[in-house]
Each structure stands twice: as C-alpha cells, then as structure tokens.
$ cat protein_30.tsv   # TSV, C-alpha atoms and all ligand atoms
chain	number	residue	atom	x	y	z
A	1	MET	CA	-201.74	-91.27	13.20
A	2	ASP	CA	-202.49	-93.16	9.97
A	3	ASN	CA	-199.38	-93.40	7.84
A	4	SER	CA	-200.80	-95.85	5.33
A	5	SER	CA	-201.45	-93.26	2.61
A	6	THR	CA	-200.48	-93.90	-1.00
A	7	ASN	CA	-197.78	-91.96	-2.87
A	8	SER	CA	-200.30	-89.57	-4.39
A	9	GLU	CA	-201.62	-88.69	-0.93
A	10	HIS	CA	-198.20	-87.92	0.56
A	11	PRO	CA	-197.92	-84.21	-0.33
A	12	LYS	CA	-201.19	-83.39	1.43
A	13	SER	CA	-200.33	-85.61	4.42
A	14	VAL	CA	-197.02	-83.85	4.89
A	15	GLU	CA	-198.52	-80.39	4.49
A	16	LYS	CA	-201.23	-81.13	7.08
A	17	LEU	CA	-198.61	-82.19	9.63
A	18	LEU	CA	-196.63	-78.94	9.36
A	19	PRO	CA	-197.39	-76.08	11.79
A	20	GLY	CA	-199.15	-73.96	9.17
A	21	PHE	CA	-197.60	-70.66	10.30
A	22	ASN	CA	-196.29	-69.82	6.81
A	23	CYS	CA	-193.53	-67.85	8.53
A	24	GLY	CA	-190.69	-68.54	6.09
A	25	ILE	CA	-188.13	-69.50	8.75
A	26	CYS	CA	-187.49	-72.82	6.99
A	27	GLY	CA	-186.36	-70.90	3.90
A	28	TYR	CA	-189.62	-71.48	2.01
A	29	ALA	CA	-192.33	-68.86	1.95
A	30	ARG	CA	-195.16	-71.23	2.96
A	31	CYS	CA	-195.60	-74.59	4.65
A	32	ASP	CA	-196.94	-76.20	1.44
A	33	GLU	CA	-193.71	-75.24	-0.39
A	34	PHE	CA	-191.67	-76.72	2.46
A	35	ALA	CA	-193.79	-79.90	2.23
A	36	GLY	CA	-193.01	-80.21	-1.49
A	37	ALA	CA	-189.29	-79.69	-0.86
A	38	LEU	CA	-189.28	-82.30	1.94
A	39	LEU	CA	-190.83	-84.87	-0.36
A	40	LYS	CA	-188.21	-84.22	-3.01
A	41	LYS	CA	-185.50	-84.47	-0.33
A	42	TRP	CA	-184.27	-80.94	-1.06
A	43	THR	CA	-184.47	-79.94	2.60
A	44	GLN	CA	-184.72	-81.45	6.10
A	45	LEU	CA	-187.35	-81.38	8.86
A	46	GLU	CA	-184.89	-79.55	11.17
A	47	LYS	CA	-185.33	-76.39	9.10
A	48	CYS	CA	-188.75	-75.92	10.70
A	49	ARG	CA	-187.84	-75.13	14.31
A	50	PHE	CA	-191.47	-75.32	15.48
A	51	LEU	CA	-191.56	-79.07	14.86
A	52	TYR	CA	-189.09	-79.45	17.74
A	53	GLN	CA	-191.45	-77.91	20.25
A	54	GLU	CA	-193.36	-80.34	22.48
A	55	ILE	CA	-196.71	-79.39	21.05
A	56	PHE	CA	-195.67	-80.65	17.60
A	57	GLU	CA	-193.90	-83.82	18.77
A	58	ASP	CA	-196.55	-86.20	17.41
A	59	ASN	CA	-196.53	-84.41	14.07
A	60	ARG	CA	-192.75	-84.62	13.87
A	61	ASN	CA	-192.77	-88.35	14.60
A	62	ALA	CA	-195.42	-88.91	11.93
A	63	LEU	CA	-193.44	-86.86	9.43
A	64	GLU	CA	-190.27	-88.82	10.14
A	65	GLU	CA	-192.16	-92.05	9.39
A	66	ILE	CA	-193.51	-90.75	6.08
A	67	LEU	CA	-190.15	-89.36	5.01
A	68	LYS	CA	-188.32	-92.62	5.80
A	69	GLU	CA	-189.49	-93.97	2.48
A	70	GLU	CA	-186.57	-93.60	0.13
A	71	LYS	CA	-188.38	-92.51	-2.98
A	72	ILE	CA	-191.68	-90.78	-2.36
A	73	ILE	CA	-191.90	-88.70	-5.51
A	74	PRO	CA	-191.57	-90.89	-8.64
A	75	GLU	CA	-188.36	-90.21	-10.62
A	76	GLU	CA	-190.33	-89.56	-13.79
A	77	GLU	CA	-192.56	-86.92	-12.23
A	78	LYS	CA	-192.55	-83.65	-14.14
A	79	VAL	CA	-190.58	-80.73	-12.73
A	80	VAL	CA	-192.95	-77.79	-12.68
A	81	GLY	CA	-192.27	-74.28	-11.35
A	82	LEU	CA	-194.53	-73.36	-8.44
A	83	LEU	CA	-195.01	-69.73	-9.38
A	84	ASP	CA	-196.12	-69.91	-13.00
A	85	GLY	CA	-196.60	-73.62	-13.67
A	86	TYR	CA	-194.02	-73.94	-16.46
A	87	GLU	CA	-192.40	-77.33	-16.94
A	88	ALA	CA	-188.61	-77.57	-16.56
A	89	ASP	CA	-186.29	-80.06	-18.27
A	90	PHE	CA	-184.40	-80.66	-15.02
A	91	ILE	CA	-183.57	-79.42	-11.54
A	92	LEU	CA	-180.20	-77.77	-10.92
A	93	LYS	CA	-178.69	-78.68	-7.53
A	94	PRO	CA	-175.61	-77.26	-5.78
A	95	LEU	CA	-172.17	-78.75	-6.31
A	96	PRO	CA	-171.19	-81.22	-3.54
A	97	ASP	CA	-170.76	-79.52	-0.12
A	98	GLU	CA	-172.05	-76.19	-1.43
A	99	SER	CA	-175.15	-74.43	-0.17
A	100	SER	CA	-176.61	-73.17	-3.45
A	101	CYS	CA	-175.91	-73.41	-7.17
A	102	ARG	CA	-173.22	-70.97	-8.22
A	103	GLU	CA	-174.43	-67.84	-9.98
A	104	VAL	CA	-172.35	-65.64	-12.26
A	105	LEU	CA	-173.42	-62.00	-12.08
A	106	TYR	CA	-172.79	-58.91	-14.16
A	107	PRO	CA	-172.89	-56.14	-11.55
A	108	PHE	CA	-173.60	-52.61	-12.77
A	109	THR	CA	-172.07	-51.01	-9.68
A	110	ARG	CA	-168.82	-49.08	-9.73
A	111	LYS	CA	-168.02	-50.20	-6.19
A	112	GLU	CA	-164.94	-52.36	-5.88
A	113	LEU	CA	-165.96	-55.99	-5.27
A	114	LYS	CA	-163.69	-58.74	-4.05
A	115	GLU	CA	-163.74	-62.37	-2.95
A	116	GLY	CA	-165.46	-62.85	0.42
A	117	ASP	CA	-167.65	-59.73	0.21
A	118	ILE	CA	-171.36	-60.16	1.03
A	119	ILE	CA	-173.55	-58.34	-1.46
A	120	ARG	CA	-177.21	-57.39	-1.50
A	121	TYR	CA	-178.73	-57.24	-4.98
A	122	ARG	CA	-181.82	-57.79	-7.03
A	123	PRO	CA	-181.45	-59.95	-10.14
A	124	LEU	CA	-182.80	-58.16	-13.21
A	125	GLY	CA	-186.26	-59.62	-13.88
A	126	CYS	CA	-186.73	-61.00	-10.35
A	127	PRO	CA	-188.70	-59.22	-7.59
A	128	ILE	CA	-186.75	-60.86	-4.73
A	129	ILE	CA	-183.78	-59.24	-2.98
A	130	HIS	CA	-180.85	-61.67	-2.70
A	131	PHE	CA	-177.82	-61.80	-0.43
A	132	ALA	CA	-174.72	-63.61	-1.65
A	133	ARG	CA	-171.06	-64.18	-0.89
A	134	ILE	CA	-168.53	-63.53	-3.66
A	135	LEU	CA	-166.46	-66.61	-4.50
A	136	ASN	CA	-164.35	-64.90	-7.15
A	137	GLU	CA	-164.15	-61.86	-9.39
A	138	ASP	CA	-162.94	-62.04	-12.97
A	139	ASN	CA	-162.86	-59.07	-15.31
A	140	GLY	CA	-165.93	-57.51	-13.70
A	141	LEU	CA	-167.93	-60.78	-13.53
A	142	ILE	CA	-168.52	-62.16	-10.06
A	143	THR	CA	-169.34	-65.76	-9.09
A	144	VAL	CA	-171.45	-66.03	-5.94
A	145	HIS	CA	-173.20	-68.35	-3.53
A	146	LEU	CA	-176.53	-67.27	-2.13
A	147	VAL	CA	-176.56	-66.76	1.63
A	148	GLY	CA	-180.08	-65.52	2.11
A	149	PRO	CA	-182.68	-63.37	2.35
A	150	CYS	CA	-182.46	-62.55	6.07
A	151	HIS	CA	-184.44	-65.51	7.40
A	152	ARG	CA	-182.04	-67.99	5.82
A	153	LEU	CA	-179.12	-66.36	7.60
A	154	GLY	CA	-180.76	-66.80	11.01
A	155	GLU	CA	-182.25	-64.03	13.09
A	156	ASP	CA	-179.18	-63.57	15.27
A	157	VAL	CA	-176.67	-63.24	12.48
A	158	GLU	CA	-175.36	-59.76	11.92
A	159	PHE	CA	-173.39	-59.07	8.80
A	160	ASP	CA	-172.06	-56.22	6.75
A	161	TYR	CA	-172.98	-56.15	3.12
A	162	LEU	CA	-172.54	-54.00	0.07
A	163	ASP	CA	-175.76	-52.95	-1.60
A	164	ILE	CA	-175.01	-53.11	-5.32
A	165	GLY	CA	-178.53	-52.65	-6.70
A	166	VAL	CA	-179.69	-54.52	-9.78
A	167	CYS	CA	-177.44	-57.24	-11.29
A	168	MET	CA	-177.83	-59.26	-14.42
A	169	VAL	CA	-177.60	-63.02	-13.84
A	170	GLY	CA	-175.43	-64.38	-16.61
A	171	GLY	CA	-174.88	-67.97	-15.62
A	172	PHE	CA	-175.46	-70.87	-13.25
A	173	GLU	CA	-173.27	-73.81	-12.30
A	174	GLY	CA	-174.57	-76.91	-10.53
A	175	ILE	CA	-175.49	-80.58	-10.75
A	176	ILE	CA	-178.30	-81.70	-13.02
A	177	GLN	CA	-181.02	-83.88	-11.53
A	178	GLY	CA	-183.11	-85.30	-14.33
A	179	LYS	CA	-182.66	-85.79	-18.05
A	180	LEU	CA	-179.17	-84.82	-19.29
A	181	PRO	CA	-179.17	-82.17	-22.05
A	182	ALA	CA	-176.60	-81.75	-24.84
A	183	VAL	CA	-173.99	-79.00	-24.85
A	184	GLY	CA	-175.40	-76.09	-26.83
A	185	GLU	CA	-179.01	-77.02	-26.07
A	186	THR	CA	-181.45	-74.35	-24.89
A	187	ILE	CA	-183.09	-75.68	-21.77
A	188	ARG	CA	-185.49	-74.79	-18.97
A	189	PHE	CA	-184.40	-75.56	-15.45
A	190	LEU	CA	-185.41	-75.06	-11.85
A	191	PRO	CA	-182.58	-73.98	-9.52
A	192	VAL	CA	-183.16	-75.74	-6.18
A	193	HIS	CA	-182.44	-72.57	-4.22
A	194	CYS	CA	-184.80	-70.29	-6.19
A	195	MET	CA	-187.00	-68.63	-3.58
A	196	MET	CA	-189.90	-68.33	-6.04
A	197	GLN	CA	-189.38	-71.86	-7.45
A	198	LYS	CA	-189.54	-70.23	-10.86
A	199	VAL	CA	-188.38	-71.93	-14.04
A	200	HIS	CA	-185.35	-70.29	-15.72
A	201	SER	CA	-184.11	-70.77	-19.26
A	202	GLY	CA	-180.56	-70.79	-20.63
A	203	VAL	CA	-178.04	-72.51	-22.88
A	204	VAL	CA	-175.81	-75.36	-21.67
A	205	VAL	CA	-172.23	-74.29	-22.44
A	206	GLN	CA	-170.31	-76.96	-20.51
A	207	LEU	CA	-171.10	-80.44	-19.25
A	208	GLU	CA	-168.87	-82.78	-17.23
A	209	GLY	CA	-170.97	-85.76	-16.22
A	210	ARG	CA	-173.91	-84.11	-14.47
A	211	ARG	CA	-172.01	-80.92	-13.65
A	212	ALA	CA	-173.26	-78.15	-15.91
A	213	ILE	CA	-172.59	-74.52	-16.69
A	214	ILE	CA	-175.61	-72.74	-18.11
A	215	GLU	CA	-175.39	-69.23	-19.57
A	216	GLY	CA	-177.71	-66.76	-21.28
A	217	ILE	CA	-180.08	-66.93	-18.31
A	218	ASP	CA	-183.60	-65.65	-18.80
A	219	LEU	CA	-186.56	-65.63	-16.42
A	220	LYS	CA	-188.99	-65.34	-19.31
A	221	VAL	CA	-190.02	-68.78	-20.51
A	222	TRP	CA	-191.70	-69.01	-23.90
A	223	ALA	CA	-194.06	-71.93	-23.49
A	224	PRO	CA	-197.64	-72.42	-22.36
A	225	PRO	CA	-197.94	-73.20	-18.64
A	226	ILE	CA	-198.94	-76.72	-17.62
A	227	LYS	CA	-201.67	-75.48	-15.33
A	228	GLY	CA	-204.50	-73.08	-16.10
B	1	LIG	S1	-190.78	-72.82	9.32
B	1	LIG	FE1	-192.38	-74.35	9.65
B	1	LIG	S2	-194.20	-73.12	10.09
B	1	LIG	FE2	-192.74	-71.72	9.16
B	1	LIG	S3	-193.23	-71.81	6.91
B	1	LIG	FE3	-191.63	-73.32	7.29
B	1	LIG	S4	-192.76	-75.23	7.60
B	1	LIG	FE4	-194.23	-73.57	7.90

$ encode --input "protein_30.tsv" --output "structure tokens" --more "lines below"
Ligand code: SF4
Amino acid sequence: MDNSSTNSEHPKSVEKLLPGFNCGICGYARCDEFAGALLKKWTQLEKCRFLYQEIFEDNRNALEEILKEEKIIPEEEKVVGLLDGYEADFILKPLPDESSCREVLYPFTRKELKEGDIIRYRPLGCPIIHFARILNEDNGLITVHLVGPCHRLGEDVEFDYLDIGVCMVGGFEGIIQGKLPAVGETIRFLPVHCMMQKVHSGVVVQLEGRRAIIEGIDLKVWAPPIKG
C-alpha cells in the first residue's frame, strides 16, 4: 500500500480504503462523509465495525498509518457544510466528556417532560428524526444531548422514548473550533453532530473562552453557496 500521498490526496485515499457499504453504522450516512470526519479527527476508525473483519485488515492498517499524522487537514481550511455547500465561521464541538453539543428545545407537546427522559422529535426545518436525552427542564425549555437516530444507539439497544413531534431548536452550547466570534455577533456554524452536516446560523449570546451559547438558531442561511 502506498502511503506517500500528499495532504490534498488524503481524503480520496481514506475514502478508497473504507468498505464502501454506505450503511450508516458509523453514524455517518456514507463512507465519504466518514472519511471526511476521520481526517478532521471528529470520529475514530472503530466506529466502522467492518474494518475489524479479517478481509479489511490491510485497509485498516493503511488507514491507521495515514491517520497517524497529527494534522492532516490544514487549520485554515474553510468549514463548508456538506449538504448545501455554505461556508461556516466555525465548528461547534461538544463540551468535554459530552457526546454532542447541547441543544435547547422549545417543545410544543403537552406531555410532561423531565430530566432523564429520552425523546423522539423532529427539529422544525430539519427532515431528520432525532433522539435525545433530557438534561434539564426549565420553564418549558428543555436542554438535551443527542443519543441517535437508531444506528448510533447500537442495534441491540432497546429503549423507551416519548414521541413529542416537532420541536423548535432555540439554542446550542458547545466549544468553538475555529475563529472566535464576538458576543452579539450573528454567525454561521457547523455542529459536529449534525447528521446532515448542514450549516446553521444564530447569535452568540455568551462566550467563556471557547465555550459558547448560541441562540436564535436558523437552518436557513442567507449567503451564496461556495460550490455550484
Ligand atoms: S460503517 Fe463503514 S461501511 Fe458503513 S458507512 Fe460507515 S464507513 Fe462506510
């Protein structure tokens, strides 16, 4: 296996070494999306269980060599949403030891919701069904962590959930990777966990170092796409 490729060749090299099943088990819809996430160090090889089968052993070894390089994607590379090609100002990552950025939701349901409940909902403006665990409830607003669609939970996991229909996403909390904005600034950002890798917009309402709270979330981005 030739691992002497240059930085610009890495994304294709990594994609070619993946199984190509586009099954979504790794948490990304397609192998090329998983390849991009690997290169940005947002995920790990172990998430693709097929790579640990004997038939893919050579591919896994080659991938481990490529990914050993500390910085494969240049820091200054633009952050661009996969779905519509809009450029983001930064990436929003989870708080330390958390699995996704925190989301603050306005549920429309009249069901009683409490900390620890698992909910199934669709964010207003997003076609994807989400599953999340409630971290806290405050005057009707709930703060959640995403726990899936089903494939992210693992096939064997059974769970009870409350289906609460459409929710409005009011806010995000996480760690900024990229250029720091000012408080009050309207920004475009890419939440690491977004299953569509779609750029969101919002207003930064609180900043402590790189830890940010962003509110007024909108999935409509008013700017020409980079591509096309
Ligand atoms: S789990 Fe592996 S084969 Fe399936 S989409 Fe992810 S990278 Fe591709």

$ atom_distance --input "protein_30.tsv" --atom1 "atom CA of Asp32 of chain A" --atom2 "atom CA of Glu64 of chain A"
16.7 Å

$ residues_near_ligand --input "protein_30.tsv" --ligand "ligand LIG 1 (chain B)" --cutoff "6 Å" --atoms "all atoms listed in the file" --output "list in words"
Leu18, Pro19, Gly20, Phe21, Asn22, Cys23, Gly24, Ile25, Cys26, Tyr28, Ala29, Arg30, Cys31, Phe34, Cys48 and Phe50 of chain A

$ write_last_selection --input "protein_30.tsv" --atoms "C-alpha atoms" --output "PDB file, in the frame of the given file"
ATOM      1  CA  LEU A  18    -196.630 -78.940   9.360  1.00  0.00           C
ATOM      2  CA  PRO A  19    -197.390 -76.080  11.790  1.00  0.00           C
ATOM      3  CA  GLY A  20    -199.150 -73.960   9.170  1.00  0.00           C
ATOM      4  CA  PHE A  21    -197.600 -70.660  10.300  1.00  0.00           C
ATOM      5  CA  ASN A  22    -196.290 -69.820   6.810  1.00  0.00           C
ATOM      6  CA  CYS A  23    -193.530 -67.850   8.530  1.00  0.00           C
ATOM      7  CA  GLY A  24    -190.690 -68.540   6.090  1.00  0.00           C
ATOM      8  CA  ILE A  25    -188.130 -69.500   8.750  1.00  0.00           C
ATOM      9  CA  CYS A  26    -187.490 -72.820   6.990  1.00  0.00           C
ATOM     10  CA  TYR A  28    -189.620 -71.480   2.010  1.00  0.00           C
ATOM     11  CA  ALA A  29    -192.330 -68.860   1.950  1.00  0.00           C
ATOM     12  CA  ARG A  30    -195.160 -71.230   2.960  1.00  0.00           C
ATOM     13  CA  CYS A  31    -195.600 -74.590   4.650  1.00  0.00           C
ATOM     14  CA  PHE A  34    -191.670 -76.720   2.460  1.00  0.00           C
ATOM     15  CA  CYS A  48    -188.750 -75.920  10.700  1.00  0.00           C
ATOM     16  CA  PHE A  50    -191.470 -75.320  15.480  1.00  0.00           C
TER      17      PHE A  50
END

$ residues_around --input "protein_30.tsv" --residues "Arg60 of chain A" --least-positions-apart "4" --cutoff "10 Å" --atoms "only C-alpha atoms" --output "list in words"
Val14, Leu17, Leu18, Pro19, Leu45, Glu46, Phe50, Leu51, Tyr52, Gln53, Glu54, Ile55, Phe56, Glu64, Glu65 and Ile66 of chain A

$ residues_around --input "protein_30.tsv" --residues "segment 189-196 of chain A" --least-positions-apart "4" --cutoff "7 Å" --atoms "all atoms listed in the file" --output "PDB file with C-alpha atoms, keeping the file's coordinate frame"
ATOM      1  CA  TYR A  28    -189.620 -71.480   2.010  1.00  0.00           C
ATOM      2  CA  GLY A  81    -192.270 -74.280 -11.350  1.00  0.00           C
ATOM      3  CA  LEU A  83    -195.010 -69.730  -9.380  1.00  0.00           C
ATOM      4  CA  ALA A  88    -188.610 -77.570 -16.560  1.00  0.00           C
ATOM      5  CA  ASP A  89    -186.290 -80.060 -18.270  1.00  0.00           C
ATOM      6  CA  PHE A  90    -184.400 -80.660 -15.020  1.00  0.00           C
ATOM      7  CA  ILE A  91    -183.570 -79.420 -11.540  1.00  0.00           C
ATOM      8  CA  LEU A  92    -180.200 -77.770 -10.920  1.00  0.00           C
ATOM      9  CA  LYS A  93    -178.690 -78.680  -7.530  1.00  0.00           C
ATOM     10  CA  SER A 100    -176.610 -73.170  -3.450  1.00  0.00           C
ATOM     11  CA  HIS A 200    -185.350 -70.290 -15.720  1.00  0.00           C
ATOM     12  CA  SER A 201    -184.110 -70.770 -19.260  1.00  0.00           C
TER      13      SER A 201
END

$ atom_distance --input "protein_30.tsv" --atom1 "atom CA of Leu219 of chain A" --atom2 "atom CA of Pro107 of chain A"
17.3 Å

$ closest_residue --input "protein_30.tsv" --among "A:Ile175, A:Met168, A:Ala35, A:Leu63" --to "Ile213 of chain A" --atoms "only C-alpha atoms"
A:Ile175

$ atom_distance --input "protein_30.tsv" --atom1 "atom CA of Ile176 of chain A" --atom2 "atom CA of Ala212 of chain A"
6.8 Å

$ closest_residue --input "protein_30.tsv" --among "A:Ala62, A:Leu67, A:Val144, A:Ile217" --to "Gly36 of chain A" --atoms "all atoms listed in the file"
A:Leu67

$ closest_residue --input "protein_30.tsv" --among "A:Asp218, A:Gly125, A:His145, A:Gln177" --to "Asp97 of chain A" --atoms "only C-alpha atoms"
A:His145

$ closest_residue --input "protein_30.tsv" --among "A:Gly116, A:Pro123, A:Gly174, A:Pro96" --to "Glu137 of chain A" --atoms "only C-alpha atoms"
A:Gly116

$ closest_residue --input "protein_30.tsv" --among "A:Leu113, A:Val221, A:Ile119, A:Ala182" --to "Val205 of chain A" --atoms "all atoms listed in the file"
A:Ala182

$ closest_residue --input "protein_30.tsv" --among "A:Arg122, A:Lys16, A:Lys198, A:Lys179" --to "Asp163 of chain A" --atoms "all atoms listed in the file"
A:Arg122

$ residues_around --input "protein_30.tsv" --residues "Leu146 of chain A" --least-positions-apart "5" --cutoff "12 Å" --atoms "all atoms listed in the file" --output "MDAnalysis selection string"
chainID A and resid 94 98:105 117:123 129:135 152:153 172 191:195
